[in-house]
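Asks: Sharing upload_21.txt below, compact mmCIF, C-alpha atoms:
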```
# COMPACT_ATOMS: atom_id res chain seq x y z
CA MET A 1 47.54 33.24 41.45
CA PRO A 2 46.17 36.08 43.62
CA PRO A 3 48.36 39.13 44.18
CA GLN A 4 50.79 38.98 47.08
CA PRO A 5 51.25 42.03 49.29
CA ASN A 6 54.51 43.95 49.51
CA PRO A 7 55.04 45.26 53.07
CA ASP A 8 57.27 48.07 51.78
CA PHE A 9 54.32 49.69 50.01
CA LEU A 10 52.27 49.49 53.20
CA ARG A 11 55.14 51.01 55.16
CA ARG A 12 55.15 53.92 52.70
CA ALA A 13 51.40 54.44 53.22
CA ILE A 14 51.89 54.41 56.99
CA ALA A 15 54.76 56.91 56.73
CA LEU A 16 52.65 59.21 54.56
CA ALA A 17 49.78 59.01 57.06
CA THR A 18 52.08 59.87 59.95
CA GLN A 19 53.67 62.76 58.05
CA ASN A 20 50.21 64.04 57.16
CA VAL A 21 49.41 64.35 60.86
CA ILE A 22 52.76 65.97 61.66
CA ASP A 23 52.24 68.50 58.87
CA GLY A 24 48.70 69.24 60.05
CA LEU A 25 47.21 68.51 56.62
CA GLY A 26 44.56 66.00 57.64
CA GLY A 27 43.81 62.76 59.39
CA PRO A 28 46.17 59.81 59.91
CA PHE A 29 45.31 58.08 56.65
CA ALA A 30 47.21 57.62 53.40
CA ALA A 31 47.22 55.23 50.48
CA LEU A 32 49.15 54.08 47.44
CA ILE A 33 47.94 52.59 44.17
CA VAL A 34 50.40 50.04 42.82
CA ARG A 35 50.46 48.23 39.49
CA ASP A 36 53.01 45.60 38.52
CA GLY A 37 55.19 46.53 41.48
CA GLN A 38 55.27 50.24 40.60
CA VAL A 39 53.64 53.05 42.55
CA ILE A 40 51.15 54.76 40.25
CA ALA A 41 49.90 57.27 42.82
CA GLU A 42 50.05 58.08 46.49
CA ALA A 43 47.97 60.43 48.57
CA ALA A 44 47.06 61.32 52.12
CA ASN A 45 43.82 62.38 53.75
CA SER A 46 43.06 66.04 53.04
CA VAL A 47 39.57 66.36 54.49
CA THR A 48 40.35 69.32 56.72
CA ALA A 49 42.89 70.97 54.41
CA THR A 50 40.48 71.00 51.45
CA CYS A 51 37.17 71.19 53.33
CA ASP A 52 36.16 68.08 51.37
CA PRO A 53 34.58 65.28 53.42
CA THR A 54 35.31 62.81 50.60
CA ALA A 55 39.04 63.58 50.46
CA HIS A 56 40.09 60.41 52.25
CA GLY A 57 43.55 59.05 51.48
CA GLU A 58 42.18 56.13 49.49
CA VAL A 59 39.83 58.25 47.39
CA ASN A 60 42.59 60.80 46.74
CA ALA A 61 44.95 58.02 45.65
CA ILE A 62 42.31 56.43 43.41
CA ARG A 63 41.62 59.78 41.76
CA ALA A 64 45.34 60.45 41.24
CA ALA A 65 45.94 56.97 39.79
CA ALA A 66 43.01 57.24 37.41
CA ARG A 67 44.34 60.59 36.18
CA ALA A 68 47.88 59.23 35.85
CA LEU A 69 46.71 56.21 33.87
CA GLY A 70 44.05 58.06 31.91
CA THR A 71 41.35 55.56 32.76
CA PHE A 72 38.49 55.09 35.20
CA SER A 73 39.28 51.38 35.61
CA LEU A 74 42.14 50.49 37.89
CA ALA A 75 41.83 46.77 37.20
CA GLY A 76 45.19 45.15 37.85
CA CYS A 77 46.09 47.74 40.48
CA GLU A 78 46.33 47.23 44.22
CA LEU A 79 45.47 49.61 47.05
CA TYR A 80 47.84 49.86 49.99
CA THR A 81 46.28 51.91 52.77
CA SER A 82 47.44 52.80 56.24
CA CYS A 83 44.08 51.80 57.73
CA GLU A 84 41.20 49.50 56.91
CA PRO A 85 39.03 51.44 54.46
CA CYS A 86 35.83 53.10 55.60
CA PRO A 87 32.63 52.17 53.75
CA MET A 88 33.04 55.02 51.25
CA CYS A 89 36.64 54.09 50.44
CA LEU A 90 35.84 50.40 50.20
CA ALA A 91 33.03 51.19 47.78
CA ALA A 92 35.42 53.40 45.77
CA ALA A 93 37.91 50.51 45.62
CA HIS A 94 35.18 48.30 44.17
CA TRP A 95 34.06 50.98 41.68
CA ALA A 96 37.69 51.42 40.60
CA ARG A 97 37.92 47.66 39.98
CA LEU A 98 41.04 47.32 42.15
CA SER A 99 42.49 43.83 42.34
CA ALA A 100 43.38 43.85 46.05
CA VAL A 101 43.28 46.00 49.17
CA TRP A 102 46.04 45.75 51.75
CA TYR A 103 45.75 47.73 54.98
CA GLY A 104 47.66 48.38 58.20
CA ALA A 105 45.56 49.53 61.13
CA SER A 106 42.12 48.02 61.66
CA ALA A 107 38.75 49.74 61.83
CA ALA A 108 38.87 49.07 65.59
CA ASP A 109 42.21 50.93 65.77
CA ALA A 110 40.65 53.87 63.93
CA ALA A 111 37.69 53.85 66.32
CA ARG A 112 40.05 53.90 69.28
CA ALA A 113 41.55 57.11 67.82
CA GLY A 114 38.12 58.70 67.34
CA PHE A 115 37.41 57.63 63.74
CA ASP A 116 34.51 55.24 64.25
CA ASP A 117 32.61 54.08 61.17
CA ALA A 118 30.57 51.42 62.95
CA PHE A 119 27.45 53.60 62.82
CA LEU A 120 27.64 53.60 59.00
CA TYR A 121 27.59 49.82 58.83
CA GLU A 122 24.57 49.85 61.16
CA GLU A 123 22.84 52.46 59.02
CA PHE A 124 23.35 50.46 55.82
CA ARG A 125 21.65 47.42 57.40
CA ARG A 126 18.50 49.42 58.12
CA GLU A 127 15.64 49.94 55.74
CA PRO A 128 15.90 53.40 54.12
CA ALA A 129 12.90 54.73 56.07
CA ALA A 130 14.55 53.77 59.38
CA ARG A 131 17.90 55.45 58.71
CA SER A 132 19.00 58.58 60.54
CA LEU A 133 19.52 60.44 57.24
CA PRO A 134 16.11 60.80 55.61
CA ALA A 135 16.00 59.67 51.99
CA ARG A 136 13.12 58.87 49.70
CA GLN A 137 12.53 58.64 46.01
CA LEU A 138 10.85 61.48 44.12
CA LEU A 139 10.14 61.93 40.40
CA GLY A 140 11.21 58.40 39.51
CA ASP A 141 9.62 58.46 36.06
CA GLU A 142 11.21 61.80 35.20
CA ALA A 143 14.57 60.66 36.53
CA TRP A 144 14.43 57.57 34.31
CA GLU A 145 14.81 59.90 31.31
CA SER A 146 18.53 60.22 32.10
CA PHE A 147 18.92 56.45 31.96
CA ALA A 148 16.89 56.21 28.77
CA ALA A 149 19.21 58.81 27.21
CA TRP A 150 22.20 56.78 28.40
CA LEU A 151 20.87 53.57 26.93
CA ALA A 152 20.23 55.26 23.58
CA SER A 153 23.49 57.22 23.44
CA PRO A 154 26.09 56.21 20.85
CA LEU A 155 28.61 58.27 22.88
CA LYS A 156 28.40 56.27 26.13
CA VAL A 157 31.42 54.48 27.51
CA ASP A 158 30.38 51.44 29.48
CA TYR A 159 31.88 51.06 32.91
```
Please render this file's structure as structure tokens.
Replies:
Amino acid sequence: MPPQPNPDFLRRAIALATQNVIDGLGGPFAALIVRDGQVIAEAANSVTATCDPTAHGEVNAIRAAARALGTFSLAGCELYTSCEPCPMCLAAAHWARLSAVWYGASAADAARAGFDDAFLYEEFRREPAARSLPARQLLGDEAWESFAAWLASPLKVDY
């Protein structure tokens, strides 16, 4: 049976997001990581407070939960977030192996408030050479050495 959302956790994320704005600590975004009905971590957006463009509420909550649990896999945990995750946060939720994502406001709501991620989705559909941020591969053979070392390492932890 798939997980069922608990509106109280989402209300907490929304309250944290609102308080974050009132306190002037960052944008109107916050998130909780919940496992087995217990809050493991909660965090708000701190992009402007920390001068860290990756410090979105969801990423901050994922980082805090991973530290609290002492693991990089948050399988069995759920993300409650005040707003539909941006592409970076959605990717982080996948990398963290979260079991579900529950959100309040939509991406369209965020866009209406000036947080529009639509251009990112458009960029990701383009071929790399056609994207607005130039990117191209260099030194591929040399870079493979890192992966070869990984494959041969008896110390690696698969993830």
Asks: Write out as JSON, numbers by chain each polymer residue whose atoms come within 12 Å of Gly24 (chain A), counting all atoms listed in the file; drop sequence neighbours fewer than 2 positions from it.
Replies: {"A": [17, 18, 19, 20, 21, 22, 26, 27, 28, 44, 45, 46, 47, 48, 49]}
Asks: Quick one: of A:Ala152, A:Ala92, A:Val34, A:Cys83, who's nearest to Asn60 (chain A), counting only C-alpha atoms?
Replies: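 Using only C-alpha atoms, Asn60 (chain A) sits closest to A:Ala92.
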Asks: In Å, how far is it from CA of Asp141 (chain A) to CA of Lys156 (chain A)?
Replies: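 Computed distance, CA of Asp141 (chain A) to CA of Lys156 (chain A), equals 21.4 Å.
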Asks: Find the distance between CA of Ala64 (chain A) and CA of Leu25 (chain A) and write it in Å to one decimal.
Replies: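 That distance, rounded to one decimal, is 17.5 Å.
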Asks: Would you pick out the contacts of Met88 (chain A) at 12 Å or less, using all atoms listed in the file, so that residues sharing its chain but fewer than 5 positions from it are not included, and give the list as a VMD selection string?
Replies: chain A and resid 53 to 59 93 to 95 117 120 to 121 124
Asks: Distance CA of Arg67 (chain A)-CA of Leu155 (chain A), one decimal place?
Replies: 20.7 Å
Asks: Write out as lines of an AutoDock Vina configuration file an axis-aligned box for region 154-158 of chain A: all of its atoms listed in the file, 8 Å added on each side, centre and edge lengths in Å with one decimal.
Replies:
```
center_x = 28.8
center_y = 54.9
center_z = 25.2
size_x = 21.3
size_y = 22.8
size_z = 24.6
```
Asks: Can you list, as JSON, numbers by chain, every protein, DNA or RNA residue that comes within 12 Å of Ala105 (chain A) when you count all atoms listed in the file, leaving out same-chain residues fewer than 3 positions away?
Replies: {"A": [10, 11, 13, 14, 17, 28, 29, 30, 80, 81, 82, 83, 84, 85, 86, 102, 108, 109, 110, 111, 112, 113, 115]}
Asks: Let me make sure I understand: among A:Ser99, A:Pro7, A:Asp52, A:Pro87, which one has the smallest atom-to-atom distance to Asp36 (chain A) if we use all atoms listed in the file?
Replies: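 Of A:Ser99, A:Pro7, A:Asp52, A:Pro87, the one nearest Asp36 (chain A), counting all atoms listed in the file, is A:Ser99.
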Asks: Quick one: residues within 7 Å of Ala65 (chain A), all atoms listed in the file, excluding same-chain residues fewer than 3 positions away - as a list of chain:residue names?
Replies: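 Residues near the query, excluding close chain neighbours: A:Ile33, A:Ile40, A:Ala41, A:Ala61, A:Ile62, A:Ala68, A:Leu69.
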Asks: Which is closest to Ala107 (chain A) among A:Phe119, A:Ala75, A:Pro134, A:Ala149, if we use all atoms listed in the file?
Replies: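 Closest to Ala107 (chain A) of all the choices is A:Phe119.
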Asks: With distances taken over all atoms listed in the file, which residue among A:Leu98, A:Leu32, A:Cys51, A:Cys89 lies nearest Phe72 (chain A)?
Replies: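 Among the listed residues, A:Leu98 lies closest to Phe72 (chain A).
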Asks: Pick out the closest residue to Asp8 (chain A) from this set: A:Arg97, A:Gly104, A:Leu90, A:Arg126. Count only C-alpha atoms.
Replies: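 Smallest distance to Asp8 (chain A) is found for A:Gly104.
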Asks: Looking at A:Ala96, A:Asn6, A:Ala135, A:Glu142, which one is nearest to Ser73 (chain A), with distances taken over all atoms listed in the file?
Replies: A:Ala96
Asks: Render region 140-151 of chain A from the structure in the preceding block as a file of all heavy atoms, as a compact mmCIF listing (two decimals), in the first residue's frame.
Replies:
```
# COMPACT_ATOMS: atom_id res chain seq x y z
N GLY A 140 37.67 13.47 -21.46
CA GLY A 140 36.86 12.31 -21.11
C GLY A 140 37.68 11.10 -20.68
O GLY A 140 37.37 10.45 -19.68
N ASP A 141 38.74 10.80 -21.43
CA ASP A 141 39.56 9.63 -21.09
C ASP A 141 40.25 9.82 -19.74
O ASP A 141 40.31 8.90 -18.92
CB ASP A 141 40.61 9.37 -22.17
CG ASP A 141 39.99 8.89 -23.47
OD1 ASP A 141 38.85 8.35 -23.42
OD2 ASP A 141 40.63 9.03 -24.53
N GLU A 142 40.77 11.00 -19.50
CA GLU A 142 41.42 11.27 -18.21
C GLU A 142 40.40 11.24 -17.08
O GLU A 142 40.70 10.73 -15.99
CB GLU A 142 42.12 12.62 -18.24
CG GLU A 142 43.34 12.65 -19.15
CD GLU A 142 43.99 14.01 -19.21
OE1 GLU A 142 44.08 14.68 -18.15
OE2 GLU A 142 44.40 14.41 -20.30
N ALA A 143 39.23 11.76 -17.32
CA ALA A 143 38.20 11.78 -16.29
C ALA A 143 37.73 10.37 -15.94
O ALA A 143 37.32 10.12 -14.80
CB ALA A 143 37.02 12.63 -16.74
N TRP A 144 37.79 9.46 -16.89
CA TRP A 144 37.37 8.08 -16.64
C TRP A 144 38.22 7.43 -15.54
O TRP A 144 37.77 6.53 -14.84
CB TRP A 144 37.41 7.24 -17.91
CG TRP A 144 37.07 5.81 -17.60
CD1 TRP A 144 37.93 4.76 -17.58
CD2 TRP A 144 35.80 5.30 -17.20
NE1 TRP A 144 37.27 3.61 -17.19
CE2 TRP A 144 35.95 3.92 -16.96
CE3 TRP A 144 34.54 5.86 -17.02
CZ2 TRP A 144 34.91 3.10 -16.55
CZ3 TRP A 144 33.49 5.05 -16.63
CH2 TRP A 144 33.69 3.69 -16.39
N GLU A 145 39.44 7.93 -15.34
CA GLU A 145 40.32 7.36 -14.32
C GLU A 145 39.65 7.36 -12.94
O GLU A 145 39.85 6.42 -12.15
CB GLU A 145 41.64 8.13 -14.27
CG GLU A 145 42.49 7.94 -15.52
CD GLU A 145 43.72 8.83 -15.54
OE1 GLU A 145 44.14 9.32 -14.47
OE2 GLU A 145 44.26 9.03 -16.64
N SER A 146 38.87 8.38 -12.64
CA SER A 146 38.17 8.43 -11.36
C SER A 146 37.18 7.28 -11.24
O SER A 146 37.05 6.65 -10.18
CB SER A 146 37.42 9.75 -11.21
OG SER A 146 38.31 10.83 -11.29
N PHE A 147 36.47 6.99 -12.33
CA PHE A 147 35.51 5.89 -12.31
C PHE A 147 36.21 4.54 -12.26
O PHE A 147 35.75 3.62 -11.59
CB PHE A 147 34.57 5.98 -13.52
CG PHE A 147 33.65 7.15 -13.44
CD1 PHE A 147 33.87 8.27 -14.23
CD2 PHE A 147 32.57 7.15 -12.59
CE1 PHE A 147 33.03 9.36 -14.16
CE2 PHE A 147 31.72 8.24 -12.50
CZ PHE A 147 31.95 9.34 -13.29
N ALA A 148 37.33 4.42 -12.94
CA ALA A 148 38.10 3.19 -12.88
C ALA A 148 38.57 2.93 -11.45
O ALA A 148 38.52 1.80 -10.95
CB ALA A 148 39.28 3.24 -13.85
N ALA A 149 39.03 4.00 -10.77
CA ALA A 149 39.45 3.87 -9.38
C ALA A 149 38.26 3.45 -8.50
O ALA A 149 38.40 2.61 -7.61
CB ALA A 149 40.05 5.18 -8.89
N TRP A 150 37.11 4.02 -8.77
CA TRP A 150 35.89 3.66 -8.03
C TRP A 150 35.57 2.19 -8.22
O TRP A 150 35.31 1.47 -7.24
CB TRP A 150 34.73 4.54 -8.48
CG TRP A 150 33.39 4.09 -7.99
CD1 TRP A 150 32.47 3.37 -8.69
CD2 TRP A 150 32.81 4.31 -6.71
NE1 TRP A 150 31.35 3.13 -7.92
CE2 TRP A 150 31.54 3.70 -6.69
CE3 TRP A 150 33.24 4.97 -5.57
CZ2 TRP A 150 30.71 3.73 -5.58
CZ3 TRP A 150 32.41 5.01 -4.46
CH2 TRP A 150 31.16 4.39 -4.46
N LEU A 151 35.56 1.75 -9.45
CA LEU A 151 35.22 0.36 -9.73
C LEU A 151 36.19 -0.60 -9.06
O LEU A 151 35.79 -1.70 -8.63
CB LEU A 151 35.20 0.11 -11.25
CG LEU A 151 34.03 0.79 -11.97
CD1 LEU A 151 34.25 0.70 -13.49
CD2 LEU A 151 32.71 0.17 -11.58
```
